[in-house]
Structure formats: C-alpha cells, structure tokens
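Colleague: Structure below; questions to follow.
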Amino acid sequence: MEKTWWKESVVYQIYPRSFKDSNHDGIGDLNGVTEKLDYLKLLGIDVIWLCPVYQSPNCDNGYDISDYHEIMHDFGTMEDFDRLLEEAHSRGIKIIMDLVVNHTSDEHPWFVESKKSLDNPYRDYYIWQEGKDGKEPNNWGSWFGGSAWTHSAETDSYYLHIFADKQPDLNWENEKVRKEVVKLMKWWCDKGIDGFRLDVISMISKTKETPDGHVMEGMKYGDLSPYVIHGPRVHEYLRELNREVFSQYDVMTVGETAGVTEKHAEEYAGFERNELNMIFQFEHMDLDFGEKNKWNDQPPKLTNLKAVLSKWQVGLHNKAWNSLFWDNHDQPRALSRFGNDKQYWSESAKMLATCLHMMQGTPYIYQGDEIGMTNIKFTSIEQYRDIESHNAYEELVGGGLVDKEQMLSYLNYKSRDNARTPMQWDDSENAGFTNGEPWIEVNANYQSINAAAQVANENSIFAYYQKLIRLRKQHEIIVYGSYELLLPESEELFVYTRTLNDQKLLVMCNFTDETVDFVVPEELQSCQRAIWIQNYSDAAAGNHISLRPHEAIVLFFDDVNVNGRA
Ligand code: TEU
Ligand code: CA
C-alpha cells in the first residue's frame, strides 16, 4: 500500500463557534483557535479540520455560505485567518477547510441574481422548477423539515433545497457553476491550505427525472434521497475537481457522503480512482435510527455496531481508505451515546478512543472528546439553537406525531447541539470559553470536566489520547495492518486483531458496566507480548483476562507466524 501523510495523520475537528472566544462576544472565533494551537500541538494532532468560517448569515452555522472569499464577521477577518494558517504551519499542523458547494446561502449574490428573472445570467446556477397545480413540483421533503421546494414570487417558480430553505442547491449540470467551484477551490489552495472536507459531496449530481418520493408511514413528505444521492454524474464531477484542483496541490480531501456502501466508497475514494482521498460513511451513526428517522433515544446493539465497522475495515483494505470517527458536529457526544458518561466516565472515554484509534484509517477527534465532554441535558426546546432540532420539534410535536417529553428525550440523546456546547477549557465562569454571554449554554459539568484539569493529570483522558497518537506515529501496524474481528456474537466485548507481516495487535474493549472474561486466541497464547496501552492502571498479562467495566487493553505480539502457530 502506498504510504501517504494523510494515512498517517490524526485529524482534530474544530467547530469554531464553540471552540474559544477571543473577543468575548460569546462566539468562538479564529483568534481563539490560534490561541489554542499550543494545546493542539501538545495533544499531538497533525491536521485541523476547520468547520466553515466563510461569510454566512448563519441559518445553519456557516453551512450556508454567502461569500466564499470572505471570513464570517463573527469569526474575524482574512488577516486573522492568514495568521492562523501561518501559526499552525509553524507548529507543523495542517489545516483543511470545510467547504460547502452543494448549496450556497440564499443571500449569496449568485442566488440573489438567479431568482430575479428567467433570463438572468445566473438563473441556471440553481435548480428551478415550475409548480404543479399551484403547489410544489413534487412531494420531496427537505432534510431539515418541510418541503424541499420553496416558492419564489419574482418568477412564480420553485427552487430546490435539500436542506433549509436558505440553502438553495447549486446546479452542477451547469458548466459555469463547476468552473466557479474550481476557481474558488484553487484560490484557497493558493493561499496554502492543506485540503478540504467536502460537505455533502455525494449530493451534487441530481437525476433528471424528479418523481414523487416514497412517503414513510406517518410522515408528510416523500424521500428525495434516491434522486439526489450518488447521482448520475457525481463521479465525473469529482474527477474534474481532482484533475483541475486536488491533483495540482499537496492536499488531502475527505468527502462527506451520506448513504454510502463500501462499493460506493471504492468509487469515491478507491486508490486508483483519482477522486477523493477518503470519505465519511455514516452507517454506524445511523444504526439507532427508528420510525422517525434519526429521532430516537435507544442506543444500537454492540453486535450491529461491530458488524458495520468491521465490514468497512475489511471492505476497504487495500482498496480505499477509512475515516474513523465516533462523532462530529452533527452527532451527539460519543461518550454519552456508546459509553457510560457517569459511573465509568474516564474508563469509557478511553475505551472508545482505543477502539477507534487502533483501527485502520485516519482518526478524527471531535473537539472536547479528548477531555471527556458529554451530552447536555436541556429541558426546553428554547435552549436549543440548531435549526434541525427546531424544525424537527415543530414538525413532530407541532404535527402531533410525538409528545413533548418524548421529543425532548430524543433531542437529549440525538440533537446536534450536544456536540456544539462550548469547549470546556477550565473551571472559571463559562468554562473559560468566553467572558461574555455564550451563544449556547455551557454544559454544567465544566467544573469537573475541563481541559486544564485534564492537562494537569497524567492519567487523564487527554494524556491517554496523547499516548494513542504517539503509538500511531511509532508503529506502522496501526496505520497499515489488516483487520480481523473476533467474537462477532458478543454483545459485551469488541475485540479485533491487526496484522502486519509477523506482528499482531490484539485490541480488547469491554463496552459494558460488568466484568467480562476473555481468553487470548490459542495461536497467540505462547507468543512474546507487550502491553501497548491500557485504561486501568494494572492490566492482566496472562491468557485468561477478566476485562473490567469499560476496560480496554492493546497487546502487541511479535514474531507471530501469521499462517498459524508461533
Ligand atoms: O451534513 C449533511 C448531513 O448529512 C446532515 O443532514 C446530517 O445527516 C445531519 O446533520 C445529522 O443530524 C452537512 C453538515 O455536516 C451539516 O452540519 C450541515 O447542516 C449540512 O451538511 C448542510 O450543509
Ligand atoms: Ca468572538
């Protein structure tokens, strides 16, 4: 397998609005990120994924861009950005930009022009259709609630928006749109950035036909996914971007591709495809979907979680590259979702990190996970800021489909705002995030859960992450070794091996609050071994191991004859 820097990197995702507020207006900003670069250096990460910082009216916190060449006022100026990039580079940290080119803001000048008249030069930059019998062109529902079509009075027609009505979809069929995207991408690359995280890039090509979508029972709108995901020309477009931009610079690209299977992944990110370096798949995030799509409050079964992640590990080996993540700015906190964020707070944070970081792929750490941040318990919809949460509440509670209490329980478990509460830096007021009024409430647990306490403690979750990152840098087996799942039927343990030449890693993770016994596979029992990392202070070294609640142990075996016995 070809060795590349992005395969060997650890990425840290920053949601700038919630990271660090340098001027105390309650909103995190670029200077705040610059201030914390030394913290990130200490953690040991290689790359920052910076969520959108472009000018935006913020209907969706920056995922609605109104100017691709300006920095959002809340976040600072282009000079601040340039300084951040320079300061990051001087510490050996790269920055990849989150870029949203499936849609723009409705306040982007292209859309302002486009909606004016049928013969405006920008008309075909977006996707317009005539209404049907005075109503929307079809029954498609937007992913953020309501119809996916919004009426525009100027021309008495409708524009498509997969997301909010303030996020009109660009028309990639139009060559001019593609040229604009190439141009703006090159502009950022010429500035010296190190790559892109491409927002919903699997949706840029739509089918020509736009029939009604399937309506799930009890729902009002039809499913548009079959017509907008992995559309007929998506790979042609990506190869064009690769030819014109990505291949011209030393950049990494990761595509956000909802709805991918491993087969799709090979198409988007296969080593020989010249499209993207890697993609985000969401199968493990979607396992707890219920009758109301993502709105649910029941965690998935461990066997299902293991089956999905293992399928991706094995499926992409030697063909494409995995992105490893437990959460991001669109997901609840991993520790609250897959671990025990109370009784085994520290153990399960470390266990989850072990389980992820020992797999094959590029690990992504979402801000705050390295200090054990948890979901927030809001008791009223007013405390939420997220447009998706508000729209869902209105649709499900307002529509009489779910009662209030139930919906709050769903939101407590699943809302995106769980990941968007301010980063907890120390135990001072507002967790050291701001001296002003934070744009969203700080989690009340900041007095015990914060970066200062973590950095000061050599047994902290933070210290554990440092060690995981160091191990990855020291041992190729973690990056390049092949993967095999053991005990697929266990609802308690997640155990797998990694193999490179005659070396093996045995990764053992207990996902429960109980002690669970495990026997080291026979072919390894008499091999020389070393404990690489463990989340209890004393791990058992024998062949019969009692894994304590949320215990994780990684054993390394050398001189293993991979075909059989040692
Ligand atoms: O997310 C796309 C996406 O798939 C989301 O709808 C996701 O399923 C949802 O947020 C899960 O709750 C990207 C960005 O990551 C997200 O923040 C944006 O809101 C969205 O695109 C629109 O740009
Ligand atoms: Ca600020």
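Following the order of the structure tokens, chains are lettered A, B, ..., residues in each are numbered from 1, and ligands are numbered from 1.
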Using only C-alpha atoms and all ligand atoms, which residues have at least one atom no more than 8 Å from ligand 1? Output them as a VMD selection string.
Modeller: chain A and resid 60 to 61 63 to 64 100 102 to 103 143 to 144 163 to 164 167 199 to 200 256 to 258 294 329 to 331 388 414 to 416
Colleague: Among region 303-373 of chain A, which residues carry a DSSP assignment of strand (DSSP E or B), reported as a ChimeraX atom specification?
Modeller: /A:322-324,362-366
Colleague: Any chance you can output those residues with all heavy atoms as a JSON list (two decimals), in the first residue's frame?
Modeller:
[["chain", "number", "residue", "atom", "x", "y", "z"],
["A", 322, "ASN", "N", -10.30, 4.39, 5.10],
["A", 322, "ASN", "CA", -11.38, 4.75, 6.02],
["A", 322, "ASN", "C", -11.11, 6.04, 6.78],
["A", 322, "ASN", "O", -9.97, 6.35, 7.12],
["A", 322, "ASN", "CB", -11.55, 3.63, 7.05],
["A", 322, "ASN", "CG", -12.50, 2.54, 6.59],
["A", 322, "ASN", "OD1", -13.68, 2.81, 6.35],
["A", 322, "ASN", "ND2", -11.99, 1.33, 6.42],
["A", 323, "SER", "N", -12.16, 6.77, 7.08],
["A", 323, "SER", "CA", -12.12, 7.85, 8.07],
["A", 323, "SER", "C", -12.72, 7.25, 9.33],
["A", 323, "SER", "O", -13.78, 6.64, 9.28],
["A", 323, "SER", "CB", -13.01, 9.02, 7.66],
["A", 323, "SER", "OG", -12.75, 9.39, 6.35],
["A", 324, "LEU", "N", -12.05, 7.42, 10.45],
["A", 324, "LEU", "CA", -12.53, 6.82, 11.71],
["A", 324, "LEU", "C", -13.11, 7.90, 12.60],
["A", 324, "LEU", "O", -12.42, 8.85, 12.96],
["A", 324, "LEU", "CB", -11.36, 6.15, 12.43],
["A", 324, "LEU", "CG", -10.52, 5.14, 11.62],
["A", 324, "LEU", "CD1", -9.30, 4.71, 12.42],
["A", 324, "LEU", "CD2", -11.38, 3.93, 11.24],
["A", 362, "THR", "N", -7.90, 7.01, 9.02],
["A", 362, "THR", "CA", -7.44, 8.26, 9.63],
["A", 362, "THR", "C", -8.40, 8.64, 10.75],
["A", 362, "THR", "O", -9.58, 8.86, 10.49],
["A", 362, "THR", "CB", -7.39, 9.37, 8.56],
["A", 362, "THR", "OG1", -6.45, 8.98, 7.56],
["A", 362, "THR", "CG2", -6.98, 10.70, 9.17],
["A", 363, "PRO", "N", -7.93, 8.69, 11.99],
["A", 363, "PRO", "CA", -8.83, 9.03, 13.09],
["A", 363, "PRO", "C", -9.14, 10.53, 13.13],
["A", 363, "PRO", "O", -8.26, 11.36, 12.90],
["A", 363, "PRO", "CB", -8.05, 8.64, 14.35],
["A", 363, "PRO", "CG", -6.77, 8.03, 13.91],
["A", 363, "PRO", "CD", -6.58, 8.38, 12.47],
["A", 364, "TYR", "N", -10.40, 10.83, 13.42],
["A", 364, "TYR", "CA", -10.85, 12.21, 13.60],
["A", 364, "TYR", "C", -11.29, 12.38, 15.05],
["A", 364, "TYR", "O", -12.15, 11.64, 15.52],
["A", 364, "TYR", "CB", -12.03, 12.51, 12.67],
["A", 364, "TYR", "CG", -11.63, 12.61, 11.22],
["A", 364, "TYR", "CD1", -11.31, 11.47, 10.48],
["A", 364, "TYR", "CD2", -11.55, 13.84, 10.58],
["A", 364, "TYR", "CE1", -10.92, 11.57, 9.16],
["A", 364, "TYR", "CE2", -11.16, 13.94, 9.25],
["A", 364, "TYR", "CZ", -10.84, 12.80, 8.55],
["A", 364, "TYR", "OH", -10.45, 12.90, 7.24],
["A", 365, "ILE", "N", -10.67, 13.34, 15.72],
["A", 365, "ILE", "CA", -11.06, 13.64, 17.11],
["A", 365, "ILE", "C", -11.94, 14.88, 17.06],
["A", 365, "ILE", "O", -11.53, 15.91, 16.54],
["A", 365, "ILE", "CB", -9.83, 13.94, 17.98],
["A", 365, "ILE", "CG1", -8.86, 12.75, 17.98],
["A", 365, "ILE", "CG2", -10.25, 14.31, 19.41],
["A", 365, "ILE", "CD1", -7.52, 13.06, 18.65],
["A", 366, "TYR", "N", -13.14, 14.79, 17.58],
["A", 366, "TYR", "CA", -14.00, 15.97, 17.61],
["A", 366, "TYR", "C", -13.71, 16.77, 18.88],
["A", 366, "TYR", "O", -13.59, 16.19, 19.97],
["A", 366, "TYR", "CB", -15.49, 15.58, 17.55],
["A", 366, "TYR", "CG", -16.36, 16.80, 17.56],
["A", 366, "TYR", "CD1", -16.33, 17.69, 16.49],
["A", 366, "TYR", "CD2", -17.14, 17.12, 18.67],
["A", 366, "TYR", "CE1", -17.08, 18.86, 16.52],
["A", 366, "TYR", "CE2", -17.90, 18.28, 18.69],
["A", 366, "TYR", "CZ", -17.86, 19.14, 17.62],
["A", 366, "TYR", "OH", -18.59, 20.31, 17.64]]
Colleague: Have a look at CA of Ala419 (chain A) and CA of Pro332 (chain A) and let me know their distance in Å, one decimal.
Modeller: 5.5 Å
Colleague: If you count only C-alpha atoms, which residues fall within 8 Å of region 262-275 of chain A, apart from same-chain ones fewer than 2 positions away, as an MDAnalysis selection string?
Modeller: chainID A and resid 235 238:239 241:243 260 277:279 312 315:316 319:321
Colleague: Given a cut-off of 6 Å, what residues near ligand 2 show up using only C-alpha atoms and all ligand atoms, put as a list in words?
Modeller: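 Selection of residues at most 6 Å from ligand 2: Asp21, Ser22, Asn23, His24, Asp25, Gly26, Ile27, Gly28 and Asp29 of chain A.
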Colleague: Which one is closest to Ser9 (chain A): A:Met407, A:Val314, A:Val47, A:Met252? Count only C-alpha atoms.
Modeller: A:Val47
Colleague: Using only C-alpha atoms, which of the listed residues (A:His284, A:His69, A:Arg337, A:Lys377) sits closest to Lys311 (chain A)?
Modeller: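 Comparing A:His284, A:His69, A:Arg337, A:Lys377 against Lys311 (chain A), the winner is A:His284.
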